[in-house]
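The file target_10.cif contains mmCIF, C-alpha atoms:
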data_final
#
loop_
_atom_site.label_atom_id
_atom_site.label_comp_id
_atom_site.auth_asym_id
_atom_site.auth_seq_id
_atom_site.Cartn_x
_atom_site.Cartn_y
_atom_site.Cartn_z
CA MET A 1 49.46 -23.23 -60.59
CA ALA A 2 52.62 -24.10 -58.76
CA ALA A 3 53.71 -22.03 -55.79
CA VAL A 4 55.72 -18.94 -56.65
CA ASP A 5 57.79 -16.87 -54.29
CA ASP A 6 57.14 -13.37 -55.58
CA HIS A 7 55.46 -11.23 -58.21
CA PHE A 8 58.41 -11.44 -60.59
CA SER A 9 58.61 -15.22 -60.57
CA LEU A 10 54.82 -15.40 -61.05
CA PHE A 11 55.39 -13.76 -64.44
CA GLY A 12 58.78 -15.34 -65.17
CA LEU A 13 60.57 -11.98 -65.03
CA PRO A 14 63.87 -11.05 -63.39
CA ALA A 15 63.50 -9.26 -60.05
CA ARG A 16 64.80 -5.91 -61.25
CA PHE A 17 63.48 -2.36 -61.24
CA GLN A 18 63.93 -1.99 -65.00
CA ILE A 19 61.52 -4.38 -66.67
CA ASP A 20 60.12 -4.73 -70.15
CA ALA A 21 56.55 -3.41 -69.90
CA GLY A 22 55.48 -5.40 -72.95
CA ALA A 23 56.88 -8.63 -71.52
CA LEU A 24 55.12 -7.92 -68.22
CA GLU A 25 51.77 -7.39 -69.93
CA GLN A 26 52.20 -10.47 -72.10
CA ALA A 27 53.12 -12.61 -69.06
CA TRP A 28 50.19 -11.21 -67.07
CA ARG A 29 47.76 -12.01 -69.88
CA ALA A 30 49.08 -15.58 -70.06
CA VAL A 31 48.81 -16.11 -66.30
CA ALA A 32 45.40 -14.42 -66.14
CA ALA A 33 44.11 -16.66 -68.93
CA ARG A 34 45.29 -19.80 -67.11
CA VAL A 35 43.72 -18.88 -63.77
CA HIS A 36 40.63 -16.95 -64.85
CA PRO A 37 37.67 -18.09 -62.72
CA ASP A 38 35.50 -18.57 -65.84
CA ARG A 39 37.74 -21.49 -66.85
CA TYR A 40 36.72 -23.18 -63.61
CA ALA A 41 32.96 -22.56 -63.81
CA THR A 42 32.20 -26.30 -63.74
CA ALA A 43 34.92 -27.18 -61.23
CA SER A 44 34.39 -27.93 -57.57
CA PRO A 45 33.79 -25.01 -55.19
CA ALA A 46 37.30 -25.44 -53.78
CA GLU A 47 38.87 -25.30 -57.26
CA ARG A 48 36.81 -22.21 -58.14
CA ARG A 49 37.94 -20.53 -54.92
CA VAL A 50 41.60 -21.33 -55.65
CA ALA A 51 41.22 -19.99 -59.20
CA MET A 52 39.71 -16.79 -57.84
CA GLN A 53 42.59 -16.41 -55.38
CA TRP A 54 45.19 -16.94 -58.13
CA SER A 55 43.39 -14.51 -60.39
CA ALA A 56 43.34 -11.86 -57.65
CA ARG A 57 47.02 -12.49 -56.93
CA ALA A 58 47.96 -12.16 -60.60
CA ASN A 59 46.01 -8.91 -60.93
CA GLU A 60 47.59 -7.43 -57.78
CA ALA A 61 51.08 -8.48 -58.88
CA TYR A 62 50.52 -6.91 -62.29
CA ARG A 63 49.19 -3.69 -60.71
CA GLN A 64 52.27 -3.40 -58.51
CA LEU A 65 54.84 -4.27 -61.16
CA ARG A 66 53.49 -2.04 -63.92
CA ASP A 67 53.75 1.10 -61.75
CA PRO A 68 57.43 2.06 -61.31
CA LEU A 69 56.92 3.55 -57.84
CA LEU A 70 54.99 0.53 -56.56
CA ARG A 71 57.57 -1.78 -58.18
CA ALA A 72 60.38 0.05 -56.39
CA ARG A 73 58.56 -0.22 -53.06
CA TYR A 74 57.95 -3.92 -53.67
CA LEU A 75 61.61 -4.58 -54.46
CA CYS A 76 62.70 -2.85 -51.25
CA GLU A 77 60.18 -4.82 -49.22
CA GLN A 78 61.33 -8.06 -50.84
CA ALA A 79 64.90 -7.14 -49.83
CA GLY A 80 63.75 -6.72 -46.22
CA VAL A 81 63.87 -2.91 -46.20
CA ASP A 82 60.99 -1.29 -44.35
CA LEU A 83 60.24 2.03 -46.05
CA GLN A 84 58.76 3.35 -42.80
CA THR A 85 56.48 5.62 -44.82
CA GLU A 86 54.41 6.52 -41.77
CA SER A 87 57.22 7.14 -39.30
CA ASN A 88 60.36 8.11 -41.23
CA THR A 89 60.05 11.63 -42.58
CA SER A 90 63.76 12.36 -42.88
CA MET A 91 64.64 13.79 -46.27
CA ASP A 92 67.49 15.63 -47.88
CA ALA A 93 67.55 19.33 -46.90
CA ASP A 94 67.59 20.45 -50.54
CA PHE A 95 64.56 18.27 -51.24
CA LEU A 96 62.74 19.76 -48.26
CA MET A 97 63.37 23.26 -49.63
CA GLN A 98 62.16 22.16 -53.06
CA GLN A 99 59.11 20.61 -51.42
CA MET A 100 58.21 23.97 -49.86
CA THR A 101 58.59 25.70 -53.22
CA TRP A 102 56.30 23.17 -54.90
CA ARG A 103 53.73 23.55 -52.12
CA GLU A 104 53.73 27.33 -52.66
CA MET A 105 53.32 26.79 -56.41
CA LEU A 106 50.41 24.43 -55.76
CA ASP A 107 48.79 27.07 -53.57
CA ASP A 108 49.14 29.54 -56.47
CA VAL A 109 47.50 27.03 -58.82
CA ARG A 110 44.59 26.62 -56.43
CA GLU A 111 44.19 30.40 -56.12
CA GLN A 112 44.11 30.69 -59.92
CA GLY A 113 41.49 27.97 -60.17
CA GLY A 114 43.81 25.53 -61.90
CA ALA A 115 44.37 27.72 -64.94
CA GLY A 116 47.42 29.61 -66.12
CA THR A 117 51.10 29.03 -66.57
CA ALA A 118 51.63 28.12 -62.90
CA THR A 119 49.80 24.85 -63.54
CA SER A 120 51.88 23.82 -66.54
CA THR A 121 55.11 24.95 -64.87
CA LEU A 122 54.42 22.95 -61.72
CA ARG A 123 53.27 19.90 -63.68
CA ALA A 124 56.46 19.96 -65.77
CA GLU A 125 58.68 20.33 -62.69
CA LEU A 126 56.97 17.48 -60.88
CA GLN A 127 57.08 15.20 -63.93
CA ASP A 128 60.79 15.96 -64.35
CA ALA A 129 61.37 15.22 -60.67
CA GLU A 130 59.47 11.94 -60.95
CA ALA A 131 61.56 10.91 -63.96
CA ALA A 132 64.75 11.80 -62.07
CA PHE A 133 63.65 9.72 -59.08
CA GLN A 134 62.88 6.82 -61.38
CA ARG A 135 66.39 6.97 -62.86
CA GLU A 136 68.02 7.29 -59.43
CA VAL A 137 66.03 4.43 -57.91
CA SER A 138 66.85 2.28 -60.94
CA ARG A 139 70.54 2.99 -60.41
CA LEU A 140 70.34 2.24 -56.69
CA LEU A 141 68.33 -0.97 -57.05
CA ASP A 142 69.63 -2.48 -60.28
CA ASP A 143 73.20 -1.19 -60.53
CA GLN A 144 74.25 -0.80 -56.90
CA ASN A 145 71.94 -3.31 -55.17
CA ASP A 146 71.24 -0.69 -52.49
CA PRO A 147 67.60 -1.04 -51.42
CA ALA A 148 68.24 0.90 -48.20
CA GLY A 149 69.56 3.86 -50.21
CA ALA A 150 66.68 3.53 -52.63
CA ALA A 151 64.18 3.67 -49.75
CA THR A 152 65.04 7.31 -49.02
CA LYS A 153 64.57 8.27 -52.65
CA ILE A 154 61.34 6.30 -52.85
CA ARG A 155 59.89 8.24 -49.90
CA GLU A 156 60.77 11.50 -51.69
CA TRP A 157 59.32 10.13 -54.93
CA MET A 158 56.11 9.30 -53.07
CA PHE A 159 55.84 12.94 -52.05
CA VAL A 160 56.24 14.05 -55.68
CA ARG A 161 53.58 11.54 -56.78
CA LYS A 162 51.23 12.86 -54.09
CA LEU A 163 51.79 16.43 -55.28
CA LEU A 164 51.02 15.38 -58.85
CA GLN A 165 47.74 13.89 -57.62
CA GLU A 166 46.91 17.07 -55.69
CA LEU A 167 47.72 19.12 -58.79
CA ALA A 168 45.37 16.98 -60.85
CA GLN A 169 42.62 17.52 -58.29
CA ALA A 170 43.25 21.26 -58.23
CA THR A 171 42.92 21.48 -62.02
CA ASP A 172 39.70 19.43 -62.28
#

Could you express the structure from this file as structure tokens?
Amino acid sequence: MAAVDDHFSLFGLPARFQIDAGALEQAWRAVAARVHPDRYATASPAERRVAMQWSARANEAYRQLRDPLLRARYLCEQAGVDLQTESNTSMDADFLMQQMTWREMLDDVREQGGAGTATSTLRAELQDAEAAFQREVSRLLDDQNDPAGAATKIREWMFVRKLLQELAQATD
């Protein structure tokens, strides 16, 4: 395969937040078929190694692009914006208050053993918040070309995603 600059060009897709999931999957399947290590079983060790590297790259690119949150992070990184996920904890004051409310709701879910209306209420609120972040990040990245502004929303979105994962664990 020829050298490609990024995940989007690997699959022949525009570097945008909003992508066609079907086109992504179809492009991934085509790339994966071309570089699958089994096609190079009789090739030289160097060619097999290169095929394995391309296959791993295609799979990682597909994993990142099919998940909206990971795709948003990738687009910001490609634009040179460091999300500073470990060091930058600044968030909107209203979001911080909402965060505390959700944490309290999650504690209630845990106390109830994952059953009851608290679970469904929290899940619905978090899913709505995630959908809202997805729309906002799409607007910031695709419409306004503002990856720095999107970075703040992505960090908040990451918190919501983490809460959804904790909720899933609490209800198992």

Original post:
Which of these residues is nearest to Ser120 in chain A, using only C-alpha atoms: A:Ala72, A:Asp82, A:Ala51, A:Ala168?
Top reply: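 Using only C-alpha atoms, Ser120 in chain A sits closest to A:Ala168.
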
All residues 10 Å or closer to Leu164 in chain A, all atoms listed in the file, same chain fewer than 2 positions away omitted, as a short mmCIF file (atom, residue, chain, number, x, y, z; two decimals) with C-alpha atoms, in the coordinates of the input:
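What ended up in part06.cif:
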data_model
loop_
_atom_site.label_atom_id
_atom_site.label_comp_id
_atom_site.auth_asym_id
_atom_site.auth_seq_id
_atom_site.Cartn_x
_atom_site.Cartn_y
_atom_site.Cartn_z
CA LEU A 106 50.41 24.43 -55.76
CA LEU A 122 54.42 22.95 -61.72
CA ARG A 123 53.27 19.90 -63.68
CA ALA A 124 56.46 19.96 -65.77
CA GLU A 125 58.68 20.33 -62.69
CA LEU A 126 56.97 17.48 -60.88
CA GLN A 127 57.08 15.20 -63.93
CA GLU A 130 59.47 11.94 -60.95
CA MET A 158 56.11 9.30 -53.07
CA PHE A 159 55.84 12.94 -52.05
CA VAL A 160 56.24 14.05 -55.68
CA ARG A 161 53.58 11.54 -56.78
CA LYS A 162 51.23 12.86 -54.09
CA GLU A 166 46.91 17.07 -55.69
CA LEU A 167 47.72 19.12 -58.79
CA ALA A 168 45.37 16.98 -60.85
CA GLN A 169 42.62 17.52 -58.29
CA ALA A 170 43.25 21.26 -58.23
#

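Applied to this file, the PyMOL selection byres ((chain A and resi 138-141) around 9) selects the residues Arg16, Phe17, Gln18, Ala72, Leu75, Cys76, Phe133, Gln134, Arg135, Glu136, Val137, Asp142, Asp143, Gln144, Asn145, Asp146, Pro147, Ala148, Gly149 and Ala150 of chain A.
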
**OP:** Please provide as number ranges by chain all residues within 10 Å of range 31-48 of chain A, with the sequence filter that same-chain residues fewer than 5 positions apart are discarded (counting only C-alpha atoms).
**Re:** A: 1, 10-11, 25-26, 53-59, 62

Original post:
How many Å separate CA of Arg110 in chain A from CA of Asn88 in chain A?
Top reply: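 The value is 28.7 Å.
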
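Rounded to one decimal, CA of Ala129 in chain A and CA of Gly80 in chain A lie 26.4 Å from each other.
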
Find the axis-aligned box for range 63-72 of chain A, covering all its listed atoms and adding 8 Å on each side, and write its centre and edge lengths in Å to one decimal as lines of an AutoDock Vina configuration file.
center_x = 54.8
center_y = -0.4
center_z = -60.2
size_x = 27.2
size_y = 23.8
size_z = 23.5

Would you kindly return, as an mmCIF file with C-alpha atoms, in the frame of the given file, each protein, DNA or RNA residue with an atom no farther than 12 Å from any atom of Ala21 in chain A, considering only C-alpha atoms and excluding same-chain residues fewer than 6 positions away?
data_model
loop_
_atom_site.group_PDB
_atom_site.id
_atom_site.type_symbol
_atom_site.label_atom_id
_atom_site.label_comp_id
_atom_site.auth_asym_id
_atom_site.auth_seq_id
_atom_site.Cartn_x
_atom_site.Cartn_y
_atom_site.Cartn_z
ATOM 1 C CA PHE A 11 55.390 -13.760 -64.440
ATOM 2 C CA LEU A 13 60.570 -11.980 -65.030
ATOM 3 C CA ALA A 27 53.120 -12.610 -69.060
ATOM 4 C CA TRP A 28 50.190 -11.210 -67.070
ATOM 5 C CA TYR A 62 50.520 -6.910 -62.290
ATOM 6 C CA ARG A 63 49.190 -3.690 -60.710
ATOM 7 C CA LEU A 65 54.840 -4.270 -61.160
ATOM 8 C CA ARG A 66 53.490 -2.040 -63.920
ATOM 9 C CA ASP A 67 53.750 1.100 -61.750
ATOM 10 C CA PRO A 68 57.430 2.060 -61.310
ATOM 11 C CA ARG A 71 57.570 -1.780 -58.180
#

**OP:** One decimal, Å: what's the distance from CA of Met91 in chain A over to CA of Glu156 in chain A, could you say?
**Re:**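 Result for CA of Met91 in chain A versus CA of Glu156 in chain A: 7.0 Å, one decimal.
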
Subject >> Nearest-residue call for Leu24 in chain A, choices A:Met52, A:Ala61, A:Asp107, A:Leu69, using all atoms listed in the file >> reply: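 With all atoms listed in the file as the atom set, the closest residue is A:Ala61.
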
Original post:
Which one is closest to Glu86 in chain A: A:Gln165, A:Ala118, A:Pro14, A:Arg155? Count only C-alpha atoms.
Top reply: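 Result for the nearest residue to Glu86 in chain A: A:Arg155.
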